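Listing of run-v5.cif, mmCIF, C-alpha atoms and all ligand atoms
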```
data_my_file
loop_
_atom_site.label_atom_id
_atom_site.label_comp_id
_atom_site.auth_asym_id
_atom_site.auth_seq_id
_atom_site.Cartn_x
_atom_site.Cartn_y
_atom_site.Cartn_z
CA MET A 1 152.99 74.70 85.87
CA HIS A 2 151.35 71.37 85.09
CA ASP A 3 149.51 70.58 81.87
CA VAL A 4 146.65 69.07 83.88
CA ILE A 5 145.59 68.91 87.51
CA ILE A 6 142.98 66.23 88.18
CA ILE A 7 141.01 66.62 91.42
CA GLY A 8 139.78 63.23 92.60
CA ALA A 9 141.18 59.74 92.08
CA GLY A 10 138.10 57.57 91.62
CA PRO A 11 137.55 55.64 88.38
CA ALA A 12 137.03 58.87 86.38
CA GLY A 13 140.13 60.62 87.75
CA LEU A 14 142.34 57.54 87.38
CA SER A 15 141.14 56.92 83.86
CA ALA A 16 141.83 60.55 82.91
CA ALA A 17 145.28 60.31 84.51
CA LEU A 18 146.18 57.17 82.57
CA TRP A 19 145.09 58.77 79.33
CA CYS A 20 146.82 62.09 80.04
CA ASP A 21 150.02 60.22 80.81
CA GLU A 22 149.74 58.16 77.65
CA LEU A 23 149.21 61.35 75.65
CA GLY A 24 152.39 62.85 77.10
CA LEU A 25 150.79 65.45 79.40
CA ASP A 26 152.41 66.55 82.65
CA THR A 27 149.69 65.39 85.04
CA LEU A 28 149.14 65.79 88.77
CA VAL A 29 146.30 63.98 90.55
CA LEU A 30 145.10 65.29 93.93
CA GLU A 31 143.09 62.95 96.15
CA GLN A 32 141.79 64.04 99.54
CA ARG A 33 141.51 60.51 100.93
CA ALA A 34 144.49 58.43 101.93
CA GLU A 35 143.81 56.02 99.09
CA THR A 36 142.50 56.10 95.54
CA GLY A 37 139.21 54.55 94.41
CA GLY A 38 136.53 57.09 95.32
CA GLN A 39 133.13 55.50 95.62
CA LEU A 40 134.51 52.08 94.73
CA LEU A 41 135.70 51.93 98.34
CA TRP A 42 132.08 51.77 99.49
CA VAL A 43 130.72 49.33 96.96
CA TYR A 44 130.37 46.05 98.83
CA ASN A 45 128.57 44.11 96.11
CA ARG A 46 130.10 41.98 93.38
CA ILE A 47 130.78 43.95 90.17
CA ALA A 48 130.32 41.95 86.98
CA ASN A 49 129.40 44.62 84.42
CA HIS A 50 132.71 46.40 83.86
CA LEU A 51 134.04 45.39 80.47
CA GLY A 52 137.34 43.57 80.68
CA VAL A 53 136.85 42.46 84.27
CA ILE A 54 134.80 39.27 84.35
CA GLU A 55 134.01 39.69 88.01
CA ALA A 56 135.35 41.78 90.88
CA GLU A 57 134.40 40.62 94.37
CA ASN A 58 133.56 44.21 95.37
CA GLY A 59 134.51 47.82 94.65
CA ARG A 60 137.81 47.60 96.45
CA ALA A 61 138.89 44.61 94.33
CA LEU A 62 138.15 46.60 91.15
CA ARG A 63 139.94 49.61 92.63
CA ASP A 64 142.99 47.42 93.25
CA LEU A 65 143.08 46.52 89.56
CA PHE A 66 142.83 50.20 88.58
CA ALA A 67 145.53 51.18 91.09
CA ALA A 68 147.88 48.44 89.87
CA GLN A 69 147.48 49.73 86.32
CA ALA A 70 148.09 53.31 87.45
CA GLU A 71 151.33 52.28 89.14
CA GLY A 72 152.80 51.61 85.73
CA SER A 73 152.17 55.22 84.71
CA GLU A 74 154.22 58.30 85.32
CA PHE A 75 151.62 60.80 86.46
CA ASP A 76 152.07 62.31 89.90
CA LEU A 77 149.56 61.19 92.50
CA TRP A 78 149.25 62.99 95.83
CA THR A 79 146.88 61.35 98.31
CA GLY A 80 145.67 62.77 101.63
CA VAL A 81 145.73 66.27 100.10
CA LYS A 82 143.41 68.88 101.56
CA ILE A 83 142.44 71.63 99.13
CA ALA A 84 141.80 75.04 100.67
CA GLY A 85 140.47 76.71 97.54
CA VAL A 86 140.34 76.56 93.77
CA ASP A 87 140.30 79.45 91.32
CA LEU A 88 138.95 77.76 88.20
CA GLY A 89 139.26 80.84 85.98
CA ALA A 90 142.97 81.10 86.79
CA ARG A 91 143.26 77.29 87.02
CA ARG A 92 144.99 77.59 90.34
CA VAL A 93 144.66 75.24 93.32
CA ARG A 94 145.60 76.28 96.85
CA LEU A 95 146.31 73.52 99.35
CA GLN A 96 145.71 73.77 103.09
CA SER A 97 149.47 73.40 103.47
CA GLY A 98 149.75 76.81 101.78
CA GLU A 99 151.20 75.44 98.55
CA GLU A 100 149.83 76.91 95.29
CA LEU A 101 149.54 74.78 92.16
CA GLN A 102 148.92 75.97 88.64
CA ALA A 103 147.81 74.12 85.50
CA ILE A 104 146.76 74.78 81.93
CA SER A 105 143.69 72.60 82.42
CA ILE A 106 141.82 71.32 85.45
CA ILE A 107 139.72 68.18 85.54
CA VAL A 108 137.18 67.94 88.36
CA ALA A 109 136.51 64.30 89.27
CA THR A 110 135.28 64.61 92.83
CA GLY A 111 132.29 62.30 92.48
CA VAL A 112 129.38 62.13 94.88
CA ARG A 113 129.03 61.35 98.55
CA ARG A 114 126.29 59.72 100.57
CA ARG A 115 123.59 62.14 101.67
CA ARG A 116 123.27 62.48 105.43
CA LEU A 117 120.02 62.83 107.36
CA SER A 118 121.69 65.22 109.80
CA VAL A 119 119.65 64.03 112.78
CA PRO A 120 120.91 63.73 116.35
CA GLY A 121 122.70 60.42 116.90
CA GLU A 122 123.59 59.82 113.23
CA ALA A 123 127.19 60.93 113.51
CA GLU A 124 127.62 60.08 117.21
CA LEU A 125 126.56 56.43 116.76
CA ALA A 126 128.25 55.86 113.40
CA GLY A 127 129.84 52.43 113.46
CA ARG A 128 128.04 51.59 116.70
CA GLY A 129 124.75 50.51 115.16
CA VAL A 130 124.48 53.19 112.48
CA VAL A 131 126.02 51.37 109.53
CA GLU A 132 126.63 52.16 105.87
CA SER A 133 125.76 48.93 104.20
CA ALA A 134 123.83 45.77 104.95
CA THR A 135 126.13 43.85 102.62
CA ARG A 136 129.13 44.81 104.68
CA ASP A 137 127.60 44.86 108.15
CA ARG A 138 124.92 42.18 107.95
CA ASP A 139 126.68 39.88 110.41
CA LEU A 140 126.88 42.71 112.97
CA LEU A 141 123.13 43.31 112.75
CA ALA A 142 122.02 39.68 112.47
CA GLY A 143 119.50 38.69 115.15
CA HIS A 144 118.58 42.32 115.97
CA ASP A 145 115.66 44.57 115.12
CA VAL A 146 116.75 47.21 112.63
CA CYS A 147 115.55 50.33 110.84
CA VAL A 148 116.33 51.35 107.25
CA VAL A 149 115.77 54.92 106.07
CA GLY A 150 115.03 55.75 102.41
CA GLY A 151 112.74 54.71 99.59
CA GLY A 152 115.06 54.10 96.64
CA ASP A 153 116.80 50.96 95.35
CA ALA A 154 119.57 51.15 97.94
CA ALA A 155 117.25 51.34 100.96
CA VAL A 156 114.96 48.56 99.75
CA GLU A 157 117.86 46.31 98.72
CA ASN A 158 119.39 46.79 102.17
CA ALA A 159 116.07 46.05 103.86
CA LEU A 160 115.72 42.82 101.85
CA LEU A 161 119.23 41.70 102.78
CA LEU A 162 118.59 42.41 106.46
CA ALA A 163 115.21 40.63 106.36
CA GLU A 164 117.13 37.39 105.81
CA VAL A 165 118.87 37.66 109.18
CA CYS A 166 116.93 40.14 111.38
CA PRO A 167 113.66 39.47 113.26
CA THR A 168 112.16 42.83 112.21
CA VAL A 169 113.11 45.47 109.65
CA THR A 170 111.32 48.82 109.66
CA VAL A 171 111.66 50.92 106.53
CA VAL A 172 111.07 54.64 107.10
CA HIS A 173 110.36 56.62 103.96
CA ARG A 174 109.38 60.27 103.69
CA GLY A 175 107.39 59.86 100.45
CA GLN A 176 103.96 58.38 99.80
CA SER A 177 105.29 55.47 97.79
CA LEU A 178 108.63 53.79 97.32
CA ARG A 179 110.80 54.94 94.48
CA ALA A 180 112.70 51.63 94.23
CA ARG A 181 112.28 49.43 91.18
CA SER A 182 109.13 47.32 91.12
CA GLU A 183 110.97 44.00 91.42
CA PHE A 184 112.47 45.14 94.76
CA VAL A 185 109.16 46.58 95.98
CA GLU A 186 107.31 43.33 95.23
CA ARG A 187 109.90 41.32 97.13
CA LEU A 188 109.65 43.76 100.05
CA ARG A 189 105.86 43.36 100.19
CA GLY A 190 106.29 39.60 100.39
CA GLN A 191 108.45 39.83 103.53
CA HIS A 192 106.41 39.56 106.72
CA CYS A 193 109.21 40.82 108.94
CA ILE A 194 109.44 44.13 107.03
CA THR A 195 107.19 47.01 108.09
CA LEU A 196 107.02 50.04 105.83
CA PHE A 197 106.27 53.48 107.26
CA THR A 198 105.65 55.89 104.41
CA GLU A 199 105.21 59.66 104.89
CA SER A 200 107.43 59.28 107.94
CA GLU A 201 110.67 60.78 109.14
CA LEU A 202 113.43 59.50 111.35
CA MET A 203 113.90 62.30 113.86
CA ARG A 204 116.57 60.96 116.19
CA ILE A 205 118.77 57.96 116.85
CA ILE A 206 119.04 57.17 120.53
CA GLY A 207 121.78 55.23 122.30
CA GLY A 208 124.80 55.23 124.55
CA ALA A 209 127.57 52.78 123.68
CA GLU A 210 125.34 51.43 120.88
CA VAL A 211 122.10 52.25 119.10
CA GLU A 212 119.13 51.48 121.34
CA ALA A 213 116.13 53.12 119.65
CA VAL A 214 114.93 55.49 116.97
CA GLU A 215 112.35 58.24 117.10
CA ILE A 216 109.97 58.36 114.15
CA ARG A 217 107.40 60.97 113.24
CA ARG A 218 104.54 59.96 110.96
CA ARG A 219 102.92 62.72 108.94
CA GLY A 220 99.75 63.91 110.62
CA ALA A 221 100.61 62.28 113.97
CA ILE A 222 100.61 64.58 116.97
CA LYS A 223 103.73 63.20 118.55
CA PRO A 224 106.73 61.19 117.39
CA PHE A 225 107.14 57.69 118.80
CA GLN A 226 110.15 55.64 119.80
CA MET A 227 110.96 52.15 118.64
CA ALA A 228 113.68 49.89 120.01
CA VAL A 229 116.25 48.88 117.35
CA ARG A 230 119.90 47.92 117.42
CA GLY A 231 120.80 48.93 113.90
CA VAL A 232 120.09 51.81 111.53
CA VAL A 233 120.97 51.92 107.84
CA ILE A 234 120.53 55.31 106.18
CA ARG A 235 120.40 55.13 102.38
CA ILE A 236 118.86 58.34 101.11
CA GLY A 237 120.85 58.85 97.96
CA VAL A 238 123.91 60.83 97.09
CA GLU A 239 124.90 64.44 96.43
CA PRO A 240 127.70 65.83 94.27
CA ASP A 241 130.93 66.87 95.92
CA THR A 242 131.09 70.37 94.45
CA GLU A 243 131.55 72.76 97.38
CA LEU A 244 134.92 73.91 96.07
CA PHE A 245 133.52 74.87 92.68
CA ARG A 246 129.84 75.72 93.12
CA GLU A 247 130.14 79.46 92.81
CA GLN A 248 132.42 79.22 89.78
CA VAL A 249 130.79 76.81 87.31
CA CYS A 250 127.26 76.24 86.05
CA THR A 251 125.52 73.44 87.90
CA ASP A 252 122.05 72.01 87.77
CA GLU A 253 119.59 72.62 90.61
CA ARG A 254 121.05 69.67 92.55
CA GLY A 255 124.64 70.90 92.24
CA TYR A 256 125.83 68.53 89.49
CA ILE A 257 128.30 70.27 87.19
CA LYS A 258 127.02 70.89 83.68
CA VAL A 259 129.36 69.83 80.86
CA THR A 260 129.51 69.86 77.09
CA ASN A 261 129.99 66.68 75.07
CA GLU A 262 133.73 67.35 75.40
CA GLN A 263 133.27 67.19 79.21
CA GLU A 264 134.09 70.90 79.43
CA THR A 265 132.39 73.00 82.10
CA SER A 266 131.19 76.58 81.73
CA VAL A 267 134.79 77.65 82.48
CA GLU A 268 137.20 77.32 79.58
CA ASN A 269 139.78 74.53 79.96
CA VAL A 270 138.08 73.24 83.10
CA PHE A 271 136.52 69.80 82.68
CA ALA A 272 134.29 67.66 84.87
CA ILE A 273 134.03 63.89 84.59
CA GLY A 274 132.39 60.98 86.38
CA ASP A 275 129.43 61.14 88.74
CA VAL A 276 129.99 64.80 89.69
CA SER A 277 128.76 65.73 86.22
CA ASN A 278 126.55 62.75 85.47
CA PRO A 279 123.34 62.68 87.50
CA LEU A 280 121.43 60.63 84.92
CA ALA A 281 123.49 57.49 84.45
CA PRO A 282 126.31 57.32 86.97
CA THR A 283 128.34 54.21 86.17
CA ILE A 284 131.95 53.14 86.51
CA SER A 285 132.13 52.55 82.76
CA GLY A 286 130.72 56.03 82.07
CA ALA A 287 133.23 57.62 84.43
CA VAL A 288 136.13 55.82 82.77
CA GLY A 289 134.95 56.90 79.32
CA ALA A 290 134.50 60.52 80.37
CA GLY A 291 138.07 60.52 81.71
CA ALA A 292 139.37 59.41 78.34
CA THR A 293 137.31 62.05 76.52
CA ALA A 294 138.58 64.92 78.68
CA ALA A 295 142.20 63.79 78.31
CA LYS A 296 141.95 63.56 74.53
CA VAL A 297 140.32 66.99 74.23
CA ILE A 298 143.00 68.57 76.44
CA ALA A 299 145.84 66.89 74.53
CA ALA A 300 144.38 67.96 71.18
CA ARG A 301 144.10 71.59 72.35
CA LEU A 302 147.64 71.62 73.71
CA ASN A 303 149.03 70.08 70.53
CA SER A 304 147.21 72.57 68.32
CA GLY A 305 148.00 75.51 70.61
CA THR A 306 144.31 76.38 71.05
CA HIS A 307 144.18 76.12 74.84
P1 LIG A 401 117.83 57.46 95.25
O1 LIG A 401 118.19 58.85 94.95
O2 LIG A 401 117.34 56.57 94.17
O3 LIG A 401 116.73 57.44 96.40
C1 LIG A 401 116.91 58.18 97.57
C2 LIG A 401 115.73 57.98 98.47
O4 LIG A 401 115.99 58.66 99.70
C3 LIG A 401 114.44 58.54 97.90
O5 LIG A 401 113.38 57.67 98.14
C4 LIG A 401 114.27 59.87 98.66
O6 LIG A 401 112.94 60.18 98.97
C5 LIG A 401 114.96 59.59 99.97
N1 LIG A 401 115.54 60.80 100.54
C6 LIG A 401 116.34 61.71 99.93
N2 LIG A 401 116.70 62.68 100.77
C7 LIG A 401 116.09 62.41 101.95
C8 LIG A 401 116.08 63.03 103.20
N3 LIG A 401 116.76 64.15 103.42
N4 LIG A 401 115.35 62.48 104.17
C9 LIG A 401 114.67 61.33 103.97
N5 LIG A 401 114.65 60.67 102.80
C10 LIG A 401 115.36 61.21 101.79
O7 LIG A 401 119.15 56.86 95.97
P2 LIG A 401 119.66 55.37 96.23
O8 LIG A 401 120.82 55.52 97.14
O9 LIG A 401 118.57 54.46 96.60
O10 LIG A 401 120.19 54.91 94.80
C11 LIG A 401 121.21 55.66 94.14
C12 LIG A 401 121.42 55.06 92.75
O11 LIG A 401 122.00 53.75 92.86
C13 LIG A 401 120.13 54.89 91.96
O12 LIG A 401 120.40 55.13 90.61
C14 LIG A 401 119.79 53.43 92.17
O13 LIG A 401 118.99 52.90 91.12
C15 LIG A 401 121.18 52.80 92.22
N6 LIG A 401 121.16 51.55 92.99
C16 LIG A 401 120.92 50.40 92.34
C17 LIG A 401 120.91 49.21 93.03
C18 LIG A 401 120.68 47.97 92.29
O14 LIG A 401 120.29 48.04 91.13
N7 LIG A 401 120.91 46.81 92.88
C19 LIG A 401 121.11 49.14 94.48
C20 LIG A 401 121.34 50.43 95.06
C21 LIG A 401 121.34 51.58 94.34
P3 LIG A 401 111.90 60.68 97.84
O15 LIG A 401 111.53 59.46 97.07
O16 LIG A 401 110.78 61.23 98.67
O17 LIG A 401 112.64 61.72 97.06
#
```

Please express the file's structure as structure tokens.
Ligand code: NDP
Amino acid sequence: MHDVIIIGAGPAGLSAALWCDELGLDTLVLEQRAETGGQLLWVYNRIANHLGVIEAENGRALRDLFAAQAEGSEFDLWTGVKIAGVDLGARRVRLQSGEELQAISIIVATGVRRRRLSVPGEAELAGRGVVESATRDRDLLAGHDVCVVGGGDAAVENALLLAEVCPTVTVVHRGQSLRARSEFVERLRGQHCITLFTESELMRIIGGAEVEAVEIRRRGAIKPFQMAVRGVVIRIGVEPDTELFREQVCTDERGYIKVTNEQETSVENVFAIGDVSNPLAPTISGAVGAGATAAKVIAARLNSGTH
């Protein structure tokens, strides 16, 4: 029996673990990936707005600082752990290995993951022209015609980065107008090599060893058309990683877990922190703060015997 099991070792989970350890709680952190860091592992931009860190070159660099700090703590951290099921009411976690774990409190810190288009070619050509980030993969795509899917800040920022090195960039957006902030949209309109297809869908990514073309359908058009490209960047937002819990806690209509101001979910002694419960202002700083809040609430309840 652990005092706390934390599911997820991104900034929120690591922060909660540090605080739980400091407050003397027996804490086990379960992370499905081989390494800690969560979404920080796919932030390729410089981070200069996390208090106490003047500048981190990218998410991984900030993650390394967090991990180094965690190494000085005594909480248990299991990485590469596959969870088969969770019974939140009983606060029991069953691993795919068959092992059963039990805790007084559970903290869900599973974060969000990139939304997929789920079109043919997306998974098959991943890493072979279908890339995650223009910041990371710009050199690979330089000199080639590319397509960016999405209409938010991420899609437009990626299109602008690619416009610096690619002959043509086609942005495919399902909506009537871009949702990205006006500063990005103005810059996009000033770029002659960027073509914007609104009310359009990417239907298929075509290729063999590498991406060769995309198939696009414009609303109202009778037939889709194909366009030769060598790169595709899909940036259509994120969705919460809540499959394990969805039937057991209250969520909003998009699946984000609802919490009180103590970070507690609709299930007693089950907490949710970080982006999985924060659709409005998902930030690293917010995740770290929520981790501290949950840990302090749990420690106070254990100390007063009210858990
Ligand atoms: P957003 O949720 O802001 O935008 C997602 C876009 O993808 C929307 O335009 C949406 O269309 C579209 N979309 C969603 N689902 C589908 C689908 N199934 N098929 C086709 N299109 C789809 O996500 P982002 O990733 O752009 O940004 C996430 C967060 O990160 C935001 O808060 C953003 O501000 C922030 N961010 C900030 C940056 C910066 O400040 N430099 C850079 C990158 C991100 P529709 O509009 O029709 O719903």

**Study point:** ligand LIG 401 (chain A) neighbours within 9 Å using all atoms listed in the file, as a ChimeraX atom specification
**Key:** /A:45,114-118,149-158,172-181,184,199-202,234-239,279-282

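If you look at atom CA of Ala300 of chain A and atom CA of Ala16 of chain A, they are 14.1 Å away from each other.
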
Check your understanding: Counting all atoms listed in the file, what is within 7 Å of Ala272 of chain A, bar same-chain residues fewer than 4 positions away, as a list in words?
Key -> Ile107, Val108, Ala109, Ile257, Val259, Gln263, Glu264, Thr265 and Ser277 of chain A

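Taking atom CA of Ala292 of chain A and atom CA of Trp19 of chain A as endpoints, the distance between them is 5.8 Å.
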
Please list as a compact mmCIF listing (two decimals) with C-alpha atoms, keeping the file's coordinate frame every residue within 12 Å of Gln226 of chain A, counting only C-alpha atoms and excluding residues in the same chain fewer than 5 positions away.
```
# COMPACT_ATOMS: atom_id res chain seq x y z
CA CYS A 147 115.55 50.33 110.84
CA GLU A 201 110.67 60.78 109.14
CA LEU A 202 113.43 59.50 111.35
CA MET A 203 113.90 62.30 113.86
CA ARG A 204 116.57 60.96 116.19
CA ILE A 205 118.77 57.96 116.85
CA ILE A 206 119.04 57.17 120.53
CA GLY A 207 121.78 55.23 122.30
CA GLU A 212 119.13 51.48 121.34
CA ALA A 213 116.13 53.12 119.65
CA VAL A 214 114.93 55.49 116.97
CA GLU A 215 112.35 58.24 117.10
CA ILE A 216 109.97 58.36 114.15
CA ARG A 217 107.40 60.97 113.24
CA ARG A 218 104.54 59.96 110.96
```

Practice item. Would you mind listing what lies within 10 Å of Leu188 of chain A as a ChimeraX atom specification, with all atoms listed in the file counted and same-chain residues fewer than 6 positions away left out? Key: /A:156-157,159-160,163,171,182,194-196

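Atom CA of Thr79 of chain A is found 6.0 Å from atom CA of Arg33 of chain A.
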
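Minimum distance to Val211 of chain A across A:Val276, A:Val185, A:Val131, A:Ala287 (counting all atoms listed in the file) occurs at A:Val131.
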
Extending 5 Å beyond the listed atoms of segment 141-153 of chain A on each side, what axis-aligned box results? I want centre and edge lengths in Å to one decimal, as lines of an AutoDock Vina configuration file.
```
center_x = 117.9
center_y = 47.2
center_z = 105.7
size_x = 20.4
size_y = 27.1
size_z = 30.6
```

Exercise for review: Between A:Glu22, A:Arg94, A:Glu124, A:Glu55, single out the one closest to Glu74 of chain A, counting only C-alpha atoms.
Suggested key: A:Glu22

Exercise for review: Determine the nearest neighbour of Ile6 of chain A from the options A:Trp42, A:Phe271, A:Phe225, A:Tyr256, counting all atoms listed in the file.
Suggested key: A:Phe271

Review point. Residues at most 12 Å from Arg301 of chain A, counting all atoms listed in the file, excluding those fewer than 5 positions away in the same chain, as a PyMOL selection string?
Key: chain A and resi 3+23+25+104-105+262+268-269+294-296+306-307

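Between Leu77 of chain A and the residues A:Leu30, A:Leu41, A:Val93, A:Val229, the shortest atom-to-atom distance, using all atoms listed in the file, involves A:Leu30.
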
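Here the question is which of A:Gly274, A:Gly127, A:Gly231, A:Gly10 gets nearest to Val169 of chain A using all atoms listed in the file, and that residue is A:Gly231.
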
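Take the candidates A:Glu35, A:Glu210, A:Glu57, A:Glu186 and check each one against Ala228 of chain A using all atoms listed in the file; the shortest distance goes to A:Glu210.
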
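Summary of the local environment: counting all atoms listed in the file, residues at most 9 Å from Ala142 of chain A, other than itself and those fewer than 4 positions away along its chain, are A:Asp137, A:Arg138, A:Leu162, A:Glu164, A:Val165, A:Cys166, A:Pro167.
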